[in-house]
Amino acid sequence: MTLKKINFTLLGNVGSVLLQQLTIYGISLITFGVIARVLQPELMGLYALVVSSVSIVSAVANLGIKRFSVRAISGLEALSNIKGRISVFWSSILLSTLFIAGISGLTTYIFKYFNLFSISNPNLDIYLFFTLLFLYSMKLTISGGLEGLKLFHRVTVYVSSGFLLYRIMMIYAAVAGYGVTGIMLAWCIGEVFSIVMILRDLIPRYKPISLDTNVSGIIKESLPLTASDAVLASLDWADRIVISVYGYTSLAIFYVATTGVTFLSAIAQAIYSGMLPHLSEAFHTFSRDGFSNEIKQISRYILLFTSPIYMTAVALAQPTILILVGPDYLPATIVFQIIVLSLWITSLNPLLHTALIAAGKNLELMYIMVISLLIDIIFLLTFYPILGLIAAGIARGLLLATSFSLSILISQRIIDVDIDMDALIKSYLAAGIMTAVLVLLWTFIRSLSLYPLYLGAGFVVYFGTLRLLKTIKVEEIITLHNSIPDKFKWITKLICYIYGIEYNRIIEVIESEVTE
């Protein structure tokens with residue numbers, strides 16, 4: 001008899017992406033905390049505006065040429081058309097450079113026209129800002145030459161090295177009192193470092209330089225991709241640009257809240273990136289019912305894994321903000337809690353989006369994103385004058401809720417998605433009880449030094465509740481036992497102990513299955 005085993009390839013994909021995301025965002029969070037403590041809230045708001053602008057501009061400045069070139073280079077390499085891929089790369093770089101310079105210049109002019117650097121060093125900052133926009137956008141564009149050759153690991157090393165360098169220099173610039181000016185200069189140096197490392201690896205692979213390509217064809221193929229790039233970037237950054245209209249201090253507070261959310265969203269990114277190849281294969285391999293069952297099984301573990309993380313963040317939002325950025329940003333607490341609560345309720349969003357992409361429903365997903373973004377911005381503009389920053393938190397929550405609701409409706413009609421309701425109810429109940437306990441602990445035993453104990457208490461309550469609810473099934477323990485080497489069988493015993501399942505019963509069931 002064939003024993004059912006865990007798909008460790010899928011776990012490895014998700015785990016590796018999650019580790020990478022948490023490492024990058026973890027470093028960002030730590031350095032962000034230092035910068036937030038050193039800069040005044042108004043300067044922090046200006047820094048937030050710079051980061052938001054760089055993120056949006058870099059996503060659209062090459063007008064989709066980077067995505068086109070990666071796809072084209074990959075295809076030509078597969079056909080061993082070396083001359084063709086070289087020509088596509090250099091033609092794409094030339095066009096991208098022109099567009100990036102133009103869009104970066106336009107953005108810089110807008111900043112200068114509205115005198116947005118007036119609280120910092122306007123005479124110098126405006127030139128640093130243009131340089132930063134240009135360098136960051138060019139780094140993303142030229143990295144496509146290596147990505148098209150599937151050398152992603154090299155891109156990761158080069159980009160991460162520059163990232164670590166400028167993060168360290170940012171801390172020095174902030175602590176030394178150079179403000180936003182010093183931070184932008186540090187960022188530019190890091191980008192130059194990454195670009196030089198990429199070019200050293202890339203240029204030998206694309207020699208000799210050739211521009212023998214249909215330029216109008218590149219533009220025609222690339223322009224439609226710009227819309228999706230703009231929408232994806234706007235989902236994360238557009239509301240921050242809108243809030244900047246109401247003052248830098250308000251933007252700083254919202255930026256603190258959303259930076260914490262971004263760290264937690266690394267989980268969603270790992271689910272999306274790690275599961276896409278698996279679900280794409282499952283969609284083309286399984287029947288419709290089989291694909292639906294695969295999504296149901298995955299949804300179970302996503303719910304059980306993400307619920308305690310999101311709700312611990314909600315319950316301990318105030319002490320977490322005090323530890324990371326200090327008391328000046330405590331008003332960010334309620335905004336952070338609203339958004340993370342929305343993340344928790346819609347925790348299956350990444351799975352649904354991945355399933356739609358795996359099923360080839362990219363256009364439908366784009367419509368979902370556009371509608372969700374419009375609701376976010378319209379609500380924010382309408383209710384911010386009344387509710388203030390709370391409106392920003394609710395607007396982001398509506399974005400997530402709209403995306404989740406529409407994804408479910410479309411998924412049910414197209415691919416018959418099923419969700420494990422047993423896991424949903426029990427994980428939500430366990431997380432709710434855990435949250436209540438943690439809120440009571442922080443309310444009546446308020447001490448930052450006890451923060452690790454709060455986390456431990458939350459862990460005990462959550463998994464203790466899952467045990468009382470008999471959430472973990474015997475079949476799942478058996479699958480785990482069959483999947484791991486003998487020297488790790490103690491893990492099965494430990495899980496049985498935690499969830500109150502008799503280990504001998506597991507062994508008896510396994511032996512009976514083998515006999516059959």
# chains A, B, ... in the order shown; residues from 1 in each chain; ligands from 1

call {"tool": "closest_atom_pairs", "arguments": {"of": "region 217-256 of chain A", "to": "region 380-396 of chain A", "cutoff": "12 Å", "atoms": "only C-alpha atoms", "output": "tab-separated table"}}
result
residue	atom	partner	partner_atom	distance
A:Ser234	CA	A:Arg396	CA	11.7
A:Leu235	CA	A:Arg396	CA	9.0
A:Asp236	CA	A:Arg396	CA	9.2
A:Trp237	CA	A:Arg396	CA	10.8
A:Ala238	CA	A:Arg396	CA	10.5
A:Asp239	CA	A:Ala392	CA	7.5
A:Arg240	CA	A:Ala392	CA	8.9
A:Ile241	CA	A:Leu380	CA	11.4
A:Val242	CA	A:Leu381	CA	7.9
A:Ile243	CA	A:Ala392	CA	8.0
A:Ser244	CA	A:Leu389	CA	11.4
A:Val245	CA	A:Leu381	CA	10.3
A:Tyr246	CA	A:Tyr384	CA	8.9
A:Gly247	CA	A:Leu389	CA	11.3
A:Thr249	CA	A:Leu389	CA	10.8
A:Ser250	CA	A:Leu389	CA	7.2
A:Leu251	CA	A:Leu389	CA	8.9
A:Ala252	CA	A:Leu389	CA	10.8
A:Ile253	CA	A:Leu389	CA	8.3
A:Phe254	CA	A:Leu389	CA	7.0
A:Tyr255	CA	A:Ala392	CA	10.8
A:Val256	CA	A:Leu389	CA	11.9

call {"tool": "select_by_dssp", "arguments": {"residues": "region 160-341 of chain A", "states": "alpha helix (DSSP H)", "output": "VMD selection string"}}
result
chain A and resid 160 to 175 179 to 202 215 to 243 248 to 264 266 to 285 288 to 315 317 to 324 332 to 341

call {"tool": "residues_around", "arguments": {"residues": "Ser287 (chain A)", "least_positions_apart": "6", "cutoff": "12 Å", "atoms": "only C-alpha atoms", "output": "number ranges by chain"}}
result
A: 281, 293-294, 415-416

call {"tool": "residues_around", "arguments": {"residues": "Val34 (chain A)", "least_positions_apart": "4", "cutoff": "8 Å", "atoms": "only C-alpha atoms", "output": "list in words"}}
result
Ile30, Val38, Ile171, Leu324 and Val325 of chain A

call {"tool": "write_last_selection", "arguments": {"atoms": "all heavy atoms", "output": "tab-separated table (two decimals), in the first residue's frame"}}
result
chain	number	residue	atom	x	y	z
A	30	ILE	N	13.99	46.88	11.60
A	30	ILE	CA	14.93	47.30	12.64
A	30	ILE	C	15.52	48.67	12.31
A	30	ILE	O	15.55	49.58	13.16
A	30	ILE	CB	16.05	46.25	12.82
A	30	ILE	CG1	15.45	44.95	13.37
A	30	ILE	CG2	17.13	46.78	13.77
A	30	ILE	CD1	16.42	43.79	13.36
A	38	VAL	N	14.94	58.71	15.59
A	38	VAL	CA	15.87	59.83	15.45
A	38	VAL	C	15.22	61.03	14.76
A	38	VAL	O	15.36	62.18	15.19
A	38	VAL	CB	17.14	59.40	14.67
A	38	VAL	CG1	18.03	60.61	14.39
A	38	VAL	CG2	17.91	58.35	15.45
A	171	ILE	N	21.24	54.46	8.81
A	171	ILE	CA	21.24	54.60	10.27
A	171	ILE	C	22.28	55.63	10.69
A	171	ILE	O	22.03	56.51	11.52
A	171	ILE	CB	21.52	53.24	10.94
A	171	ILE	CG1	20.34	52.28	10.69
A	171	ILE	CG2	21.75	53.41	12.43
A	171	ILE	CD1	20.56	50.90	11.25
A	324	LEU	N	9.52	49.41	19.08
A	324	LEU	CA	10.18	49.65	17.79
A	324	LEU	C	10.44	51.13	17.51
A	324	LEU	O	11.53	51.51	17.08
A	324	LEU	CB	9.34	49.05	16.66
A	324	LEU	CG	9.35	47.53	16.54
A	324	LEU	CD1	8.41	47.08	15.44
A	324	LEU	CD2	10.75	47.01	16.26
A	325	VAL	N	9.43	51.97	17.71
A	325	VAL	CA	9.57	53.37	17.27
A	325	VAL	C	9.31	54.40	18.36
A	325	VAL	O	9.47	55.60	18.11
A	325	VAL	CB	8.64	53.66	16.06
A	325	VAL	CG1	9.05	52.85	14.86
A	325	VAL	CG2	7.18	53.36	16.41

call {"tool": "atom_distance", "arguments": {"atom1": "CA of Ser265 (chain A)", "atom2": "CA of Thr181 (chain A)"}}
result
29.2 Å

call {"tool": "closest_residue", "arguments": {"among": "A:Arg71, A:Lys139, A:Arg467, A:Arg413", "to": "Ile93 (chain A)", "atoms": "only C-alpha atoms"}}
result
A:Lys139

call {"tool": "closest_atom_pairs", "arguments": {"of": "region 14-104 of chain A", "to": "region 157-169 of chain A", "cutoff": "9 Å", "atoms": "only C-alpha atoms", "output": "CSV"}}
result
residue,atom,partner,partner_atom,distance
A:Ile24,CA,A:Ser160,CA,8.0
A:Ile27,CA,A:Leu164,CA,8.1
A:Ser28,CA,A:Arg167,CA,7.5
A:Thr31,CA,A:Arg167,CA,6.6
A:Phe32,CA,A:Arg167,CA,8.9

call {"tool": "closest_residue", "arguments": {"among": "A:Ile445, A:Leu429, A:Leu133, A:Val215", "to": "Ser52 (chain A)", "atoms": "only C-alpha atoms"}}
result
A:Leu133

call {"tool": "residues_around", "arguments": {"residues": "region 104-120 of chain A", "least_positions_apart": "2", "cutoff": "6 Å", "atoms": "only C-alpha atoms", "output": "count of residues only"}}
result
6

call {"tool": "residues_around", "arguments": {"residues": "Glu147 (chain A)", "least_positions_apart": "5", "cutoff": "8 Å", "atoms": "only C-alpha atoms", "output": "list in words"}}
result
Val70, Phe152 and Val155 of chain A

call {"tool": "write_last_selection", "arguments": {"atoms": "C-alpha atoms", "output": "PDB file, in the first residue's frame"}}
result
ATOM      1  CA  VAL A  70      12.715  39.242 -19.304  1.00  0.00           C
ATOM      2  CA  PHE A 152      17.705  35.004  -9.975  1.00  0.00           C
ATOM      3  CA  VAL A 155      20.273  39.199  -8.643  1.00  0.00           C
TER       4      VAL A 155
END

call {"tool": "atom_distance", "arguments": {"atom1": "CA of Tyr248 (chain A)", "atom2": "CA of Ala36 (chain A)"}}
result
13.2 Å

call {"tool": "residues_around", "arguments": {"residues": "Asp328 (chain A)", "least_positions_apart": "3", "cutoff": "10 Å", "atoms": "only C-alpha atoms", "output": "JSON, numbers by chain"}}
result
{"A": [36, 37, 40, 41, 253, 321, 322, 325, 331, 332]}

call {"tool": "write_last_selection", "arguments": {"atoms": "N, CA and C atoms", "output": "tab-separated table (two decimals), in the first residue's frame"}}
result
chain	number	residue	atom	x	y	z
A	36	ALA	N	13.04	56.14	12.73
A	36	ALA	CA	11.83	56.77	13.27
A	36	ALA	C	12.08	57.41	14.63
A	37	ARG	N	12.96	56.82	15.42
A	37	ARG	CA	13.26	57.38	16.74
A	37	ARG	C	14.12	58.65	16.62
A	40	GLN	N	12.35	63.65	13.54
A	40	GLN	CA	11.09	64.21	14.02
A	40	GLN	C	9.96	63.68	13.14
A	41	PRO	N	8.74	63.55	13.69
A	41	PRO	CA	7.62	63.00	12.91
A	41	PRO	C	7.41	63.69	11.56
A	253	ILE	N	2.70	58.80	10.78
A	253	ILE	CA	1.97	57.86	11.63
A	253	ILE	C	1.41	56.71	10.81
A	321	ILE	N	4.76	48.79	19.06
A	321	ILE	CA	5.08	50.12	18.54
A	321	ILE	C	5.98	50.87	19.52
A	322	LEU	N	5.70	50.74	20.82
A	322	LEU	CA	6.55	51.40	21.82
A	322	LEU	C	7.99	50.90	21.75
A	325	VAL	N	9.43	51.97	17.71
A	325	VAL	CA	9.57	53.37	17.27
A	325	VAL	C	9.31	54.40	18.36
A	331	PRO	N	-0.29	56.85	18.13
A	331	PRO	CA	-1.54	56.99	17.36
A	331	PRO	C	-1.63	56.01	16.18
A	332	ALA	N	-0.51	55.42	15.79
A	332	ALA	CA	-0.53	54.44	14.70
A	332	ALA	C	-1.15	53.11	15.14

call {"tool": "closest_residue", "arguments": {"among": "A:Val340, A:Ile433, A:Val417, A:Leu424", "to": "Ala401 (chain A)", "atoms": "only C-alpha atoms"}}
result
A:Val340

call {"tool": "atom_distance", "arguments": {"atom1": "CA of Thr435 (chain A)", "atom2": "CA of Leu316 (chain A)"}}
result
8.7 Å

call {"tool": "closest_residue", "arguments": {"among": "A:Ser55, A:Ser405, A:Ser427, A:Ser91", "to": "Asp229 (chain A)", "atoms": "only C-alpha atoms"}}
result
A:Ser55
